[in-house]
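Student: So I've got this file, target.json, and it contains JSON, N, CA and C atoms:
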```json
[["chain", "number", "residue", "atom", "x", "y", "z"],
["F", 1, "MET", "N", 36.15, 54.22, -2.73],
["F", 1, "MET", "CA", 36.43, 52.81, -2.65],
["F", 1, "MET", "C", 35.40, 52.08, -3.50],
["F", 2, "GLU", "N", 35.91, 51.14, -4.32],
["F", 2, "GLU", "CA", 35.03, 50.32, -5.15],
["F", 2, "GLU", "C", 35.28, 48.85, -4.86],
["F", 3, "CYS", "N", 34.25, 48.07, -4.99],
["F", 3, "CYS", "CA", 34.34, 46.62, -4.86],
["F", 3, "CYS", "C", 33.94, 46.04, -6.20],
["F", 4, "VAL", "N", 34.85, 45.33, -6.85],
["F", 4, "VAL", "CA", 34.59, 44.75, -8.16],
["F", 4, "VAL", "C", 34.92, 43.26, -8.12],
["F", 5, "SER", "N", 34.49, 42.51, -9.15],
["F", 5, "SER", "CA", 34.66, 41.06, -9.07],
["F", 5, "SER", "C", 35.42, 40.44, -10.24],
["F", 6, "SER", "N", 35.92, 41.26, -11.16],
["F", 6, "SER", "CA", 36.67, 40.71, -12.29],
["F", 6, "SER", "C", 37.91, 41.55, -12.55],
["F", 7, "VAL", "N", 38.86, 40.96, -13.27],
["F", 7, "VAL", "CA", 40.09, 41.68, -13.61],
["F", 7, "VAL", "C", 39.76, 42.93, -14.43],
["F", 8, "GLU", "N", 38.89, 42.78, -15.41],
["F", 8, "GLU", "CA", 38.56, 43.90, -16.28],
["F", 8, "GLU", "C", 37.93, 45.05, -15.49],
["F", 9, "ALA", "N", 36.99, 44.72, -14.60],
["F", 9, "ALA", "CA", 36.34, 45.76, -13.79],
["F", 9, "ALA", "C", 37.35, 46.40, -12.85],
["F", 10, "ALA", "N", 38.26, 45.60, -12.30],
["F", 10, "ALA", "CA", 39.27, 46.14, -11.40],
["F", 10, "ALA", "C", 40.21, 47.09, -12.13],
["F", 11, "LEU", "N", 40.65, 46.72, -13.32],
["F", 11, "LEU", "CA", 41.55, 47.60, -14.09],
["F", 11, "LEU", "C", 40.87, 48.92, -14.42],
["F", 12, "ALA", "N", 39.59, 48.87, -14.78],
["F", 12, "ALA", "CA", 38.85, 50.10, -15.06],
["F", 12, "ALA", "C", 38.73, 50.96, -13.80],
["F", 13, "ALA", "N", 38.45, 50.32, -12.65],
["F", 13, "ALA", "CA", 38.33, 51.06, -11.39],
["F", 13, "ALA", "C", 39.66, 51.68, -10.99],
["F", 14, "ILE", "N", 40.75, 50.95, -11.19],
["F", 14, "ILE", "CA", 42.08, 51.47, -10.86],
["F", 14, "ILE", "C", 42.40, 52.67, -11.73],
["F", 15, "ASP", "N", 42.09, 52.59, -13.02],
["F", 15, "ASP", "CA", 42.34, 53.73, -13.92],
["F", 15, "ASP", "C", 41.51, 54.95, -13.55],
["F", 16, "ARG", "N", 40.27, 54.71, -13.06],
["F", 16, "ARG", "CA", 39.39, 55.82, -12.68],
["F", 16, "ARG", "C", 39.85, 56.51, -11.41],
["F", 17, "SER", "N", 40.28, 55.72, -10.42],
["F", 17, "SER", "CA", 40.48, 56.32, -9.10],
["F", 17, "SER", "C", 41.92, 56.28, -8.59],
["F", 18, "LEU", "N", 42.81, 55.56, -9.25],
["F", 18, "LEU", "CA", 44.20, 55.39, -8.78],
["F", 18, "LEU", "C", 44.25, 55.23, -7.26],
["F", 19, "PRO", "N", 43.79, 54.07, -6.77],
["F", 19, "PRO", "CA", 43.79, 53.86, -5.31],
["F", 19, "PRO", "C", 45.20, 53.83, -4.75],
["F", 20, "LYS", "N", 45.28, 54.07, -3.47],
["F", 20, "LYS", "CA", 46.58, 54.05, -2.80],
["F", 20, "LYS", "C", 46.87, 52.70, -2.17],
["F", 21, "LEU", "N", 45.88, 51.82, -2.14],
["F", 21, "LEU", "CA", 45.99, 50.49, -1.55],
["F", 21, "LEU", "C", 44.95, 49.61, -2.23],
["F", 22, "ILE", "N", 45.31, 48.35, -2.51],
["F", 22, "ILE", "CA", 44.35, 47.42, -3.12],
["F", 22, "ILE", "C", 44.26, 46.17, -2.26],
["F", 23, "LEU", "N", 43.05, 45.87, -1.79],
["F", 23, "LEU", "CA", 42.75, 44.61, -1.12],
["F", 23, "LEU", "C", 42.19, 43.70, -2.20],
["F", 24, "LEU", "N", 42.81, 42.54, -2.39],
["F", 24, "LEU", "CA", 42.53, 41.74, -3.58],
["F", 24, "LEU", "C", 42.33, 40.27, -3.22],
["F", 25, "ASP", "N", 41.22, 39.72, -3.68],
["F", 25, "ASP", "CA", 40.98, 38.29, -3.55],
["F", 25, "ASP", "C", 41.70, 37.58, -4.69],
["F", 26, "ILE", "N", 42.18, 36.38, -4.44],
["F", 26, "ILE", "CA", 42.82, 35.62, -5.51],
["F", 26, "ILE", "C", 41.78, 35.09, -6.48],
["F", 27, "LYS", "N", 40.65, 34.65, -5.99],
["F", 27, "LYS", "CA", 39.59, 34.11, -6.84],
["F", 27, "LYS", "C", 38.70, 35.25, -7.32],
["F", 28, "LEU", "N", 38.69, 35.47, -8.64],
["F", 28, "LEU", "CA", 37.85, 36.49, -9.25],
["F", 28, "LEU", "C", 36.98, 35.85, -10.32],
["F", 29, "GLN", "N", 35.94, 36.55, -10.74],
["F", 29, "GLN", "CA", 35.11, 36.05, -11.84],
["F", 29, "GLN", "C", 35.87, 36.18, -13.16],
["F", 30, "GLY", "N", 35.63, 35.26, -14.06],
["F", 30, "GLY", "CA", 36.27, 35.32, -15.36],
["F", 30, "GLY", "C", 37.46, 34.38, -15.45],
["F", 31, "LYS", "N", 38.19, 34.49, -16.55],
["F", 31, "LYS", "CA", 39.29, 33.56, -16.83],
["F", 31, "LYS", "C", 40.56, 33.90, -16.06],
["F", 32, "ARG", "N", 40.76, 35.17, -15.72],
["F", 32, "ARG", "CA", 41.98, 35.57, -15.00],
["F", 32, "ARG", "C", 41.69, 35.71, -13.52],
["F", 33, "ASP", "N", 42.73, 35.50, -12.71],
["F", 33, "ASP", "CA", 42.54, 35.57, -11.27],
["F", 33, "ASP", "C", 43.24, 36.80, -10.67],
["F", 34, "GLY", "N", 43.13, 36.92, -9.36],
["F", 34, "GLY", "CA", 43.71, 38.06, -8.68],
["F", 34, "GLY", "C", 45.23, 38.11, -8.76],
["F", 35, "ILE", "N", 45.86, 36.96, -8.88],
["F", 35, "ILE", "CA", 47.32, 36.94, -9.02],
["F", 35, "ILE", "C", 47.73, 37.56, -10.34],
["F", 36, "GLN", "N", 47.02, 37.23, -11.41],
["F", 36, "GLN", "CA", 47.30, 37.84, -12.70],
["F", 36, "GLN", "C", 47.03, 39.34, -12.65],
["F", 37, "LEU", "N", 45.97, 39.73, -11.94],
["F", 37, "LEU", "CA", 45.68, 41.16, -11.78],
["F", 37, "LEU", "C", 46.80, 41.87, -11.04],
["F", 38, "ALA", "N", 47.32, 41.26, -9.99],
["F", 38, "ALA", "CA", 48.42, 41.87, -9.24],
["F", 38, "ALA", "C", 49.64, 42.07, -10.13],
["F", 39, "GLU", "N", 49.91, 41.11, -11.01],
["F", 39, "GLU", "CA", 51.03, 41.25, -11.94],
["F", 39, "GLU", "C", 50.84, 42.48, -12.84],
["F", 40, "ILE", "N", 49.63, 42.65, -13.35],
["F", 40, "ILE", "CA", 49.32, 43.81, -14.21],
["F", 40, "ILE", "C", 49.45, 45.10, -13.41],
["F", 41, "ILE", "N", 48.92, 45.11, -12.20],
["F", 41, "ILE", "CA", 48.99, 46.30, -11.35],
["F", 41, "ILE", "C", 50.45, 46.70, -11.16],
["F", 42, "HIS", "N", 51.31, 45.75, -10.83],
["F", 42, "HIS", "CA", 52.71, 46.07, -10.55],
["F", 42, "HIS", "C", 53.48, 46.50, -11.80],
["F", 43, "GLN", "N", 53.02, 46.10, -12.97],
["F", 43, "GLN", "CA", 53.66, 46.54, -14.21],
["F", 43, "GLN", "C", 53.39, 48.01, -14.49],
["F", 44, "HIS", "N", 52.24, 48.51, -14.01],
["F", 44, "HIS", "CA", 51.82, 49.86, -14.38],
["F", 44, "HIS", "C", 51.71, 50.84, -13.22],
["F", 45, "HIS", "N", 51.68, 50.35, -11.99],
["F", 45, "HIS", "CA", 51.45, 51.23, -10.84],
["F", 45, "HIS", "C", 52.33, 50.81, -9.66],
["F", 46, "ASP", "N", 52.59, 51.74, -8.78],
["F", 46, "ASP", "CA", 53.28, 51.46, -7.52],
["F", 46, "ASP", "C", 52.25, 51.53, -6.40],
["F", 47, "ILE", "N", 51.36, 50.53, -6.39],
["F", 47, "ILE", "CA", 50.27, 50.49, -5.41],
["F", 47, "ILE", "C", 50.44, 49.21, -4.58],
["F", 48, "PRO", "N", 50.49, 49.33, -3.25],
["F", 48, "PRO", "CA", 50.59, 48.11, -2.44],
["F", 48, "PRO", "C", 49.35, 47.23, -2.58],
["F", 49, "VAL", "N", 49.59, 45.93, -2.74],
["F", 49, "VAL", "CA", 48.51, 44.96, -2.87],
["F", 49, "VAL", "C", 48.54, 44.03, -1.66],
["F", 50, "VAL", "N", 47.36, 43.82, -1.07],
["F", 50, "VAL", "CA", 47.19, 42.86, 0.01],
["F", 50, "VAL", "C", 46.20, 41.82, -0.49],
["F", 51, "PHE", "N", 46.64, 40.56, -0.58],
["F", 51, "PHE", "CA", 45.72, 39.49, -0.95],
["F", 51, "PHE", "C", 44.95, 39.07, 0.29],
["F", 52, "ILE", "N", 43.64, 38.88, 0.11],
["F", 52, "ILE", "CA", 42.79, 38.31, 1.15],
["F", 52, "ILE", "C", 42.15, 37.09, 0.49],
["F", 53, "THR", "N", 42.49, 35.90, 0.97],
["F", 53, "THR", "CA", 42.09, 34.71, 0.25],
["F", 53, "THR", "C", 41.83, 33.52, 1.15],
["F", 54, "ALA", "N", 41.03, 32.60, 0.64],
["F", 54, "ALA", "CA", 40.81, 31.32, 1.29],
["F", 54, "ALA", "C", 41.68, 30.23, 0.66],
["F", 55, "PHE", "N", 42.36, 30.56, -0.44],
["F", 55, "PHE", "CA", 43.19, 29.59, -1.15],
["F", 55, "PHE", "C", 44.59, 29.59, -0.55],
["F", 56, "CYS", "N", 44.97, 28.49, 0.06],
["F", 56, "CYS", "CA", 46.26, 28.43, 0.75],
["F", 56, "CYS", "C", 47.13, 27.28, 0.26],
["F", 57, "ASP", "N", 46.80, 26.68, -0.90],
["F", 57, "ASP", "CA", 47.63, 25.59, -1.38],
["F", 57, "ASP", "C", 49.00, 26.13, -1.80],
["F", 58, "THR", "N", 49.98, 25.26, -1.82],
["F", 58, "THR", "CA", 51.37, 25.66, -2.06],
["F", 58, "THR", "C", 51.55, 26.36, -3.40],
["F", 59, "ASP", "N", 50.98, 25.81, -4.47],
["F", 59, "ASP", "CA", 51.15, 26.42, -5.79],
["F", 59, "ASP", "C", 50.56, 27.82, -5.85],
["F", 60, "THR", "N", 49.36, 28.00, -5.27],
["F", 60, "THR", "CA", 48.73, 29.32, -5.27],
["F", 60, "THR", "C", 49.56, 30.31, -4.47],
["F", 61, "MET", "N", 50.05, 29.88, -3.31],
["F", 61, "MET", "CA", 50.86, 30.78, -2.48],
["F", 61, "MET", "C", 52.16, 31.17, -3.19],
["F", 62, "ARG", "N", 52.78, 30.23, -3.88],
["F", 62, "ARG", "CA", 54.00, 30.55, -4.64],
["F", 62, "ARG", "C", 53.71, 31.57, -5.73],
["F", 63, "ARG", "N", 52.63, 31.35, -6.48],
["F", 63, "ARG", "CA", 52.26, 32.30, -7.54],
["F", 63, "ARG", "C", 51.99, 33.68, -6.95],
["F", 64, "ALA", "N", 51.26, 33.71, -5.84],
["F", 64, "ALA", "CA", 50.93, 34.99, -5.20],
["F", 64, "ALA", "C", 52.19, 35.69, -4.71],
["F", 65, "GLN", "N", 53.09, 34.96, -4.08],
["F", 65, "GLN", "CA", 54.33, 35.56, -3.55],
["F", 65, "GLN", "C", 55.18, 36.18, -4.66],
["F", 66, "ARG", "N", 55.16, 35.59, -5.84],
["F", 66, "ARG", "CA", 55.94, 36.14, -6.96],
["F", 66, "ARG", "C", 55.50, 37.54, -7.38],
["F", 67, "THR", "N", 54.29, 37.93, -7.00],
["F", 67, "THR", "CA", 53.81, 39.27, -7.36],
["F", 67, "THR", "C", 54.25, 40.33, -6.35],
["F", 68, "ARG", "N", 54.97, 39.91, -5.32],
["F", 68, "ARG", "CA", 55.47, 40.81, -4.28],
["F", 68, "ARG", "C", 54.34, 41.59, -3.58],
["F", 69, "PRO", "N", 53.33, 40.87, -3.06],
["F", 69, "PRO", "CA", 52.28, 41.58, -2.33],
["F", 69, "PRO", "C", 52.82, 42.12, -1.02],
["F", 70, "PHE", "N", 52.16, 43.15, -0.50],
["F", 70, "PHE", "CA", 52.55, 43.65, 0.82],
["F", 70, "PHE", "C", 52.33, 42.56, 1.86],
["F", 71, "ARG", "N", 51.23, 41.82, 1.70],
["F", 71, "ARG", "CA", 50.92, 40.73, 2.63],
["F", 71, "ARG", "C", 49.86, 39.84, 1.99],
["F", 72, "ILE", "N", 49.80, 38.59, 2.44],
["F", 72, "ILE", "CA", 48.73, 37.67, 2.08],
["F", 72, "ILE", "C", 48.01, 37.29, 3.36],
["F", 73, "LEU", "N", 46.72, 37.56, 3.41],
["F", 73, "LEU", "CA", 45.92, 37.27, 4.60],
["F", 73, "LEU", "C", 44.87, 36.22, 4.28],
["F", 74, "GLY", "N", 44.62, 35.33, 5.24],
["F", 74, "GLY", "CA", 43.54, 34.36, 5.10],
["F", 74, "GLY", "C", 42.21, 35.03, 5.39],
["F", 75, "LYS", "N", 41.15, 34.52, 4.78],
["F", 75, "LYS", "CA", 39.82, 35.10, 5.01],
["F", 75, "LYS", "C", 39.27, 34.78, 6.40],
["F", 76, "ILE", "N", 39.79, 33.74, 7.02],
["F", 76, "ILE", "CA", 39.29, 33.36, 8.34],
["F", 76, "ILE", "C", 39.88, 34.31, 9.37],
["F", 77, "GLY", "N", 39.04, 34.89, 10.17],
["F", 77, "GLY", "CA", 39.52, 35.81, 11.20],
["F", 77, "GLY", "C", 38.47, 36.84, 11.53],
["F", 78, "ASP", "N", 38.83, 37.75, 12.40],
["F", 78, "ASP", "CA", 37.88, 38.75, 12.87],
["F", 78, "ASP", "C", 38.00, 40.09, 12.15],
["F", 79, "GLY", "N", 38.87, 40.19, 11.19],
["F", 79, "GLY", "CA", 39.07, 41.45, 10.49],
["F", 79, "GLY", "C", 40.14, 42.32, 11.09],
["F", 80, "GLY", "N", 40.55, 42.00, 12.30],
["F", 80, "GLY", "CA", 41.58, 42.81, 12.95],
["F", 80, "GLY", "C", 42.90, 42.77, 12.22],
["F", 81, "GLU", "N", 43.21, 41.64, 11.59],
["F", 81, "GLU", "CA", 44.47, 41.53, 10.86],
["F", 81, "GLU", "C", 44.47, 42.45, 9.64],
["F", 82, "VAL", "N", 43.33, 42.61, 9.01],
["F", 82, "VAL", "CA", 43.22, 43.53, 7.87],
["F", 82, "VAL", "C", 43.46, 44.96, 8.34],
["F", 83, "VAL", "N", 42.84, 45.33, 9.45],
["F", 83, "VAL", "CA", 43.01, 46.68, 9.99],
["F", 83, "VAL", "C", 44.47, 46.92, 10.37],
["F", 84, "ARG", "N", 45.10, 45.94, 11.01],
["F", 84, "ARG", "CA", 46.52, 46.09, 11.38],
["F", 84, "ARG", "C", 47.41, 46.21, 10.14],
["F", 85, "THR", "N", 47.10, 45.45, 9.10],
["F", 85, "THR", "CA", 47.90, 45.51, 7.87],
["F", 85, "THR", "C", 47.75, 46.87, 7.20],
["F", 86, "VAL", "N", 46.53, 47.38, 7.13],
["F", 86, "VAL", "CA", 46.32, 48.71, 6.54],
["F", 86, "VAL", "C", 47.06, 49.76, 7.36],
["F", 87, "ALA", "N", 47.01, 49.65, 8.68],
["F", 87, "ALA", "CA", 47.74, 50.60, 9.53],
["F", 87, "ALA", "C", 49.24, 50.51, 9.28],
["F", 88, "GLU", "N", 49.75, 49.29, 9.09],
["F", 88, "GLU", "CA", 51.17, 49.12, 8.81],
["F", 88, "GLU", "C", 51.56, 49.76, 7.48],
["F", 89, "ILE", "N", 50.71, 49.61, 6.47],
["F", 89, "ILE", "CA", 50.97, 50.24, 5.17],
["F", 89, "ILE", "C", 50.96, 51.75, 5.32],
["F", 90, "LEU", "N", 50.03, 52.26, 6.10],
["F", 90, "LEU", "CA", 49.95, 53.71, 6.32],
["F", 90, "LEU", "C", 51.23, 54.23, 6.97],
["F", 91, "SER", "N", 51.79, 53.44, 7.89],
["F", 91, "SER", "CA", 52.98, 53.91, 8.59],
["F", 91, "SER", "C", 54.27, 53.59, 7.85],
["F", 92, "ALA", "N", 54.18, 52.86, 6.74],
["F", 92, "ALA", "CA", 55.37, 52.43, 6.01],
["F", 92, "ALA", "C", 55.84, 53.44, 4.97],
["F", 93, "GLY", "N", 55.21, 54.59, 4.93],
["F", 93, "GLY", "CA", 55.69, 55.63, 4.02],
["F", 93, "GLY", "C", 55.19, 55.52, 2.60],
["F", 94, "TYR", "N", 54.01, 54.93, 2.39],
["F", 94, "TYR", "CA", 53.46, 54.85, 1.04],
["F", 94, "TYR", "C", 52.72, 56.13, 0.65],
["F", 95, "GLY", "N", 52.73, 57.13, 1.51],
["F", 95, "GLY", "CA", 52.05, 58.37, 1.17],
["F", 95, "GLY", "C", 50.54, 58.27, 1.26],
["F", 96, "ILE", "N", 50.06, 57.33, 2.05],
["F", 96, "ILE", "CA", 48.62, 57.12, 2.19],
["F", 96, "ILE", "C", 48.18, 57.73, 3.51],
["F", 97, "SER", "N", 47.10, 58.46, 3.46],
["F", 97, "SER", "CA", 46.53, 58.95, 4.71],
["F", 97, "SER", "C", 45.02, 58.80, 4.63],
["F", 98, "LEU", "N", 44.40, 58.62, 5.77],
["F", 98, "LEU", "CA", 42.97, 58.49, 5.85],
["F", 98, "LEU", "C", 42.39, 59.67, 6.59],
["F", 99, "ASN", "N", 41.20, 60.04, 6.21],
["F", 99, "ASN", "CA", 40.47, 61.05, 6.96],
["F", 99, "ASN", "C", 39.97, 60.40, 8.24],
["F", 100, "PRO", "N", 39.78, 61.17, 9.30],
["F", 100, "PRO", "CA", 39.26, 60.58, 10.54],
["F", 100, "PRO", "C", 37.97, 59.82, 10.27],
["F", 101, "GLY", "N", 37.87, 58.63, 10.84],
["F", 101, "GLY", "CA", 36.66, 57.83, 10.71],
["F", 101, "GLY", "C", 36.66, 56.90, 9.51],
["F", 102, "GLU", "N", 37.68, 56.93, 8.65],
["F", 102, "GLU", "CA", 37.67, 56.07, 7.48],
["F", 102, "GLU", "C", 38.09, 54.64, 7.80],
["F", 103, "MET", "N", 38.81, 54.42, 8.88],
["F", 103, "MET", "CA", 39.24, 53.07, 9.22],
["F", 103, "MET", "C", 38.72, 52.72, 10.60],
["F", 104, "HIS", "N", 37.99, 51.65, 10.66],
["F", 104, "HIS", "CA", 37.45, 51.19, 11.95],
["F", 104, "HIS", "C", 37.99, 49.81, 12.22],
["F", 105, "GLY", "N", 38.23, 49.45, 13.47],
["F", 105, "GLY", "CA", 38.73, 48.11, 13.74],
["F", 105, "GLY", "C", 38.46, 47.63, 15.11]]
```
Translate this file's structure into structure tokens.
Tutor:
Amino acid sequence: MECVSSVEAALAAIDRSLPKLILLDIKLQGKRDGIQLAEIIHQHHDIPVVFITAFCDTDTMRRAQRTRPFRILGKIGDGGEVVRTVAEILSAGYGISLNPGEMHG
């Protein structure tokens, strides 16, 4: 698992590790944002994307929805929603499995 802060770093990390799930903030460093990154990801990979964001304005949500994310989650919360979403992706047949102890909630 890698944590990166720009589109360029994310694309390099995805090419290196081909993750099975991407948790993605809409606000990233640089000129491009997480929505643009999700568009690139979907053009080249079949990887579920979950946006985790504090940006909830109508235009941003519309742009994000057009990328067909698995889910969009607000940053406010206890983290349980993220764990439940990851569990849902695991059970949805994406071919993702975790080793014991990799997911805590």
Student: From a DSSP calculation on the backbone, collect every residue of region 12-44 of chain F in alpha helix (DSSP H) and output the set as a count of residues only.
Tutor: 17
Student: List the spatial neighbours of region 79-84 of chain F as a compact mmCIF listing (two decimals) with N, CA and C atoms, in the frame of the given file - criterion: any atom at most 12 Å away, only C-alpha atoms, same-chain residues fewer than 4 positions off excluded.
Tutor:
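Written output follows (around36.txt):
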```
# COMPACT_ATOMS: atom_id res chain seq x y z
N ILE F 22 45.31 48.35 -2.51
CA ILE F 22 44.35 47.42 -3.12
C ILE F 22 44.26 46.17 -2.26
N LEU F 23 43.05 45.87 -1.79
CA LEU F 23 42.75 44.61 -1.12
C LEU F 23 42.19 43.70 -2.20
N LEU F 24 42.81 42.54 -2.39
CA LEU F 24 42.53 41.74 -3.58
C LEU F 24 42.33 40.27 -3.22
N VAL F 50 47.36 43.82 -1.07
CA VAL F 50 47.19 42.86 0.01
C VAL F 50 46.20 41.82 -0.49
N PHE F 51 46.64 40.56 -0.58
CA PHE F 51 45.72 39.49 -0.95
C PHE F 51 44.95 39.07 0.29
N ILE F 52 43.64 38.88 0.11
CA ILE F 52 42.79 38.31 1.15
C ILE F 52 42.15 37.09 0.49
N THR F 53 42.49 35.90 0.97
CA THR F 53 42.09 34.71 0.25
C THR F 53 41.83 33.52 1.15
N PHE F 70 52.16 43.15 -0.50
CA PHE F 70 52.55 43.65 0.82
C PHE F 70 52.33 42.56 1.86
N ARG F 71 51.23 41.82 1.70
CA ARG F 71 50.92 40.73 2.63
C ARG F 71 49.86 39.84 1.99
N ILE F 72 49.80 38.59 2.44
CA ILE F 72 48.73 37.67 2.08
C ILE F 72 48.01 37.29 3.36
N LEU F 73 46.72 37.56 3.41
CA LEU F 73 45.92 37.27 4.60
C LEU F 73 44.87 36.22 4.28
N GLY F 74 44.62 35.33 5.24
CA GLY F 74 43.54 34.36 5.10
C GLY F 74 42.21 35.03 5.39
N LYS F 75 41.15 34.52 4.78
CA LYS F 75 39.82 35.10 5.01
C LYS F 75 39.27 34.78 6.40
N GLU F 88 49.75 49.29 9.09
CA GLU F 88 51.17 49.12 8.81
C GLU F 88 51.56 49.76 7.48
N ILE F 89 50.71 49.61 6.47
CA ILE F 89 50.97 50.24 5.17
C ILE F 89 50.96 51.75 5.32
N LEU F 90 50.03 52.26 6.10
CA LEU F 90 49.95 53.71 6.32
C LEU F 90 51.23 54.23 6.97
N SER F 91 51.79 53.44 7.89
CA SER F 91 52.98 53.91 8.59
C SER F 91 54.27 53.59 7.85
N GLU F 102 37.68 56.93 8.65
CA GLU F 102 37.67 56.07 7.48
C GLU F 102 38.09 54.64 7.80
N MET F 103 38.81 54.42 8.88
CA MET F 103 39.24 53.07 9.22
C MET F 103 38.72 52.72 10.60
N HIS F 104 37.99 51.65 10.66
CA HIS F 104 37.45 51.19 11.95
C HIS F 104 37.99 49.81 12.22
N GLY F 105 38.23 49.45 13.47
CA GLY F 105 38.73 48.11 13.74
C GLY F 105 38.46 47.63 15.11
```
Student: Which is closer to Ala64 (chain F) than all the others in F:Ile35, F:Ile47, F:Ala87, F:Leu21, using all atoms listed in the file?
Tutor: F:Ile35
Student: So, counting all atoms listed in the file, which residue among F:Thr67, F:Thr85, F:Ser17, F:Ser6 is closest to Asp33 (chain F)?
Tutor: F:Ser6
Student: Using backbone DSSP assignments, extract all strand (DSSP E) residues from chain F; output them as a list in words.
Tutor: Ile22, Leu23, Leu24, Val49, Val50, Phe51, Ile52, Thr53, Arg71, Ile72, Leu73 and Gly74 of chain F
Student: Please dump the current selection as a short mmCIF file (atom, residue, chain, number, x, y, z; two decimals), in the frame of the given file; keep N, CA and C atoms.
Tutor:
```cif
data_model
loop_
_atom_site.label_atom_id
_atom_site.label_comp_id
_atom_site.auth_asym_id
_atom_site.auth_seq_id
_atom_site.Cartn_x
_atom_site.Cartn_y
_atom_site.Cartn_z
N ILE F 22 45.31 48.35 -2.51
CA ILE F 22 44.35 47.42 -3.12
C ILE F 22 44.26 46.17 -2.26
N LEU F 23 43.05 45.87 -1.79
CA LEU F 23 42.75 44.61 -1.12
C LEU F 23 42.19 43.70 -2.20
N LEU F 24 42.81 42.54 -2.39
CA LEU F 24 42.53 41.74 -3.58
C LEU F 24 42.33 40.27 -3.22
N VAL F 49 49.59 45.93 -2.74
CA VAL F 49 48.51 44.96 -2.87
C VAL F 49 48.54 44.03 -1.66
N VAL F 50 47.36 43.82 -1.07
CA VAL F 50 47.19 42.86 0.01
C VAL F 50 46.20 41.82 -0.49
N PHE F 51 46.64 40.56 -0.58
CA PHE F 51 45.72 39.49 -0.95
C PHE F 51 44.95 39.07 0.29
N ILE F 52 43.64 38.88 0.11
CA ILE F 52 42.79 38.31 1.15
C ILE F 52 42.15 37.09 0.49
N THR F 53 42.49 35.90 0.97
CA THR F 53 42.09 34.71 0.25
C THR F 53 41.83 33.52 1.15
N ARG F 71 51.23 41.82 1.70
CA ARG F 71 50.92 40.73 2.63
C ARG F 71 49.86 39.84 1.99
N ILE F 72 49.80 38.59 2.44
CA ILE F 72 48.73 37.67 2.08
C ILE F 72 48.01 37.29 3.36
N LEU F 73 46.72 37.56 3.41
CA LEU F 73 45.92 37.27 4.60
C LEU F 73 44.87 36.22 4.28
N GLY F 74 44.62 35.33 5.24
CA GLY F 74 43.54 34.36 5.10
C GLY F 74 42.21 35.03 5.39
#
```
Student: Counting only C-alpha atoms, which residue out of F:Gln29, F:Arg68, F:Arg62, F:Leu11 sits closest to His44 (chain F)?
Tutor: F:Leu11
Student: Rounded to one decimal place, report the atom N of Leu28 (chain F)-CA of His45 (chain F) distance in Å.
Tutor: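 Computing the Euclidean distance for atom N of Leu28 (chain F) and CA of His45 (chain F) yields 20.4 Å.
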Student: Between CA of Met1 (chain F) and CA of Ile26 (chain F), what is the distance in Å, rounded to a tenth?
Tutor: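 Between CA of Met1 (chain F) and CA of Ile26 (chain F) the gap works out to 18.6 Å.
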Student: When you draw a straight line from CA of Leu37 (chain F) to CA of Val7 (chain F), how long is it in Å?
Tutor: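 One can read the CA of Leu37 (chain F) to CA of Val7 (chain F) distance as 5.9 Å.
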Student: With distances taken over only C-alpha atoms, which residue among F:Ala92, F:Gln65, F:Ala10, F:Cys3 lies nearest Ile41 (chain F)?
Tutor: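 That would be F:Ala10, the residue with the smallest distance to Ile41 (chain F).
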Student: Between F:Ser5, F:Met61, F:Val86, F:Arg66, which residue has the minimum interatomic distance to Lys27 (chain F), considering only N, CA and C atoms?
Tutor: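 Smallest separation from Lys27 (chain F) among the options: F:Ser5.
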Student: Using all atoms listed in the file, which residue out of F:Ala13, F:Pro69, F:Glu2, F:Glu8 lies closest to Val49 (chain F)?
Tutor: F:Pro69
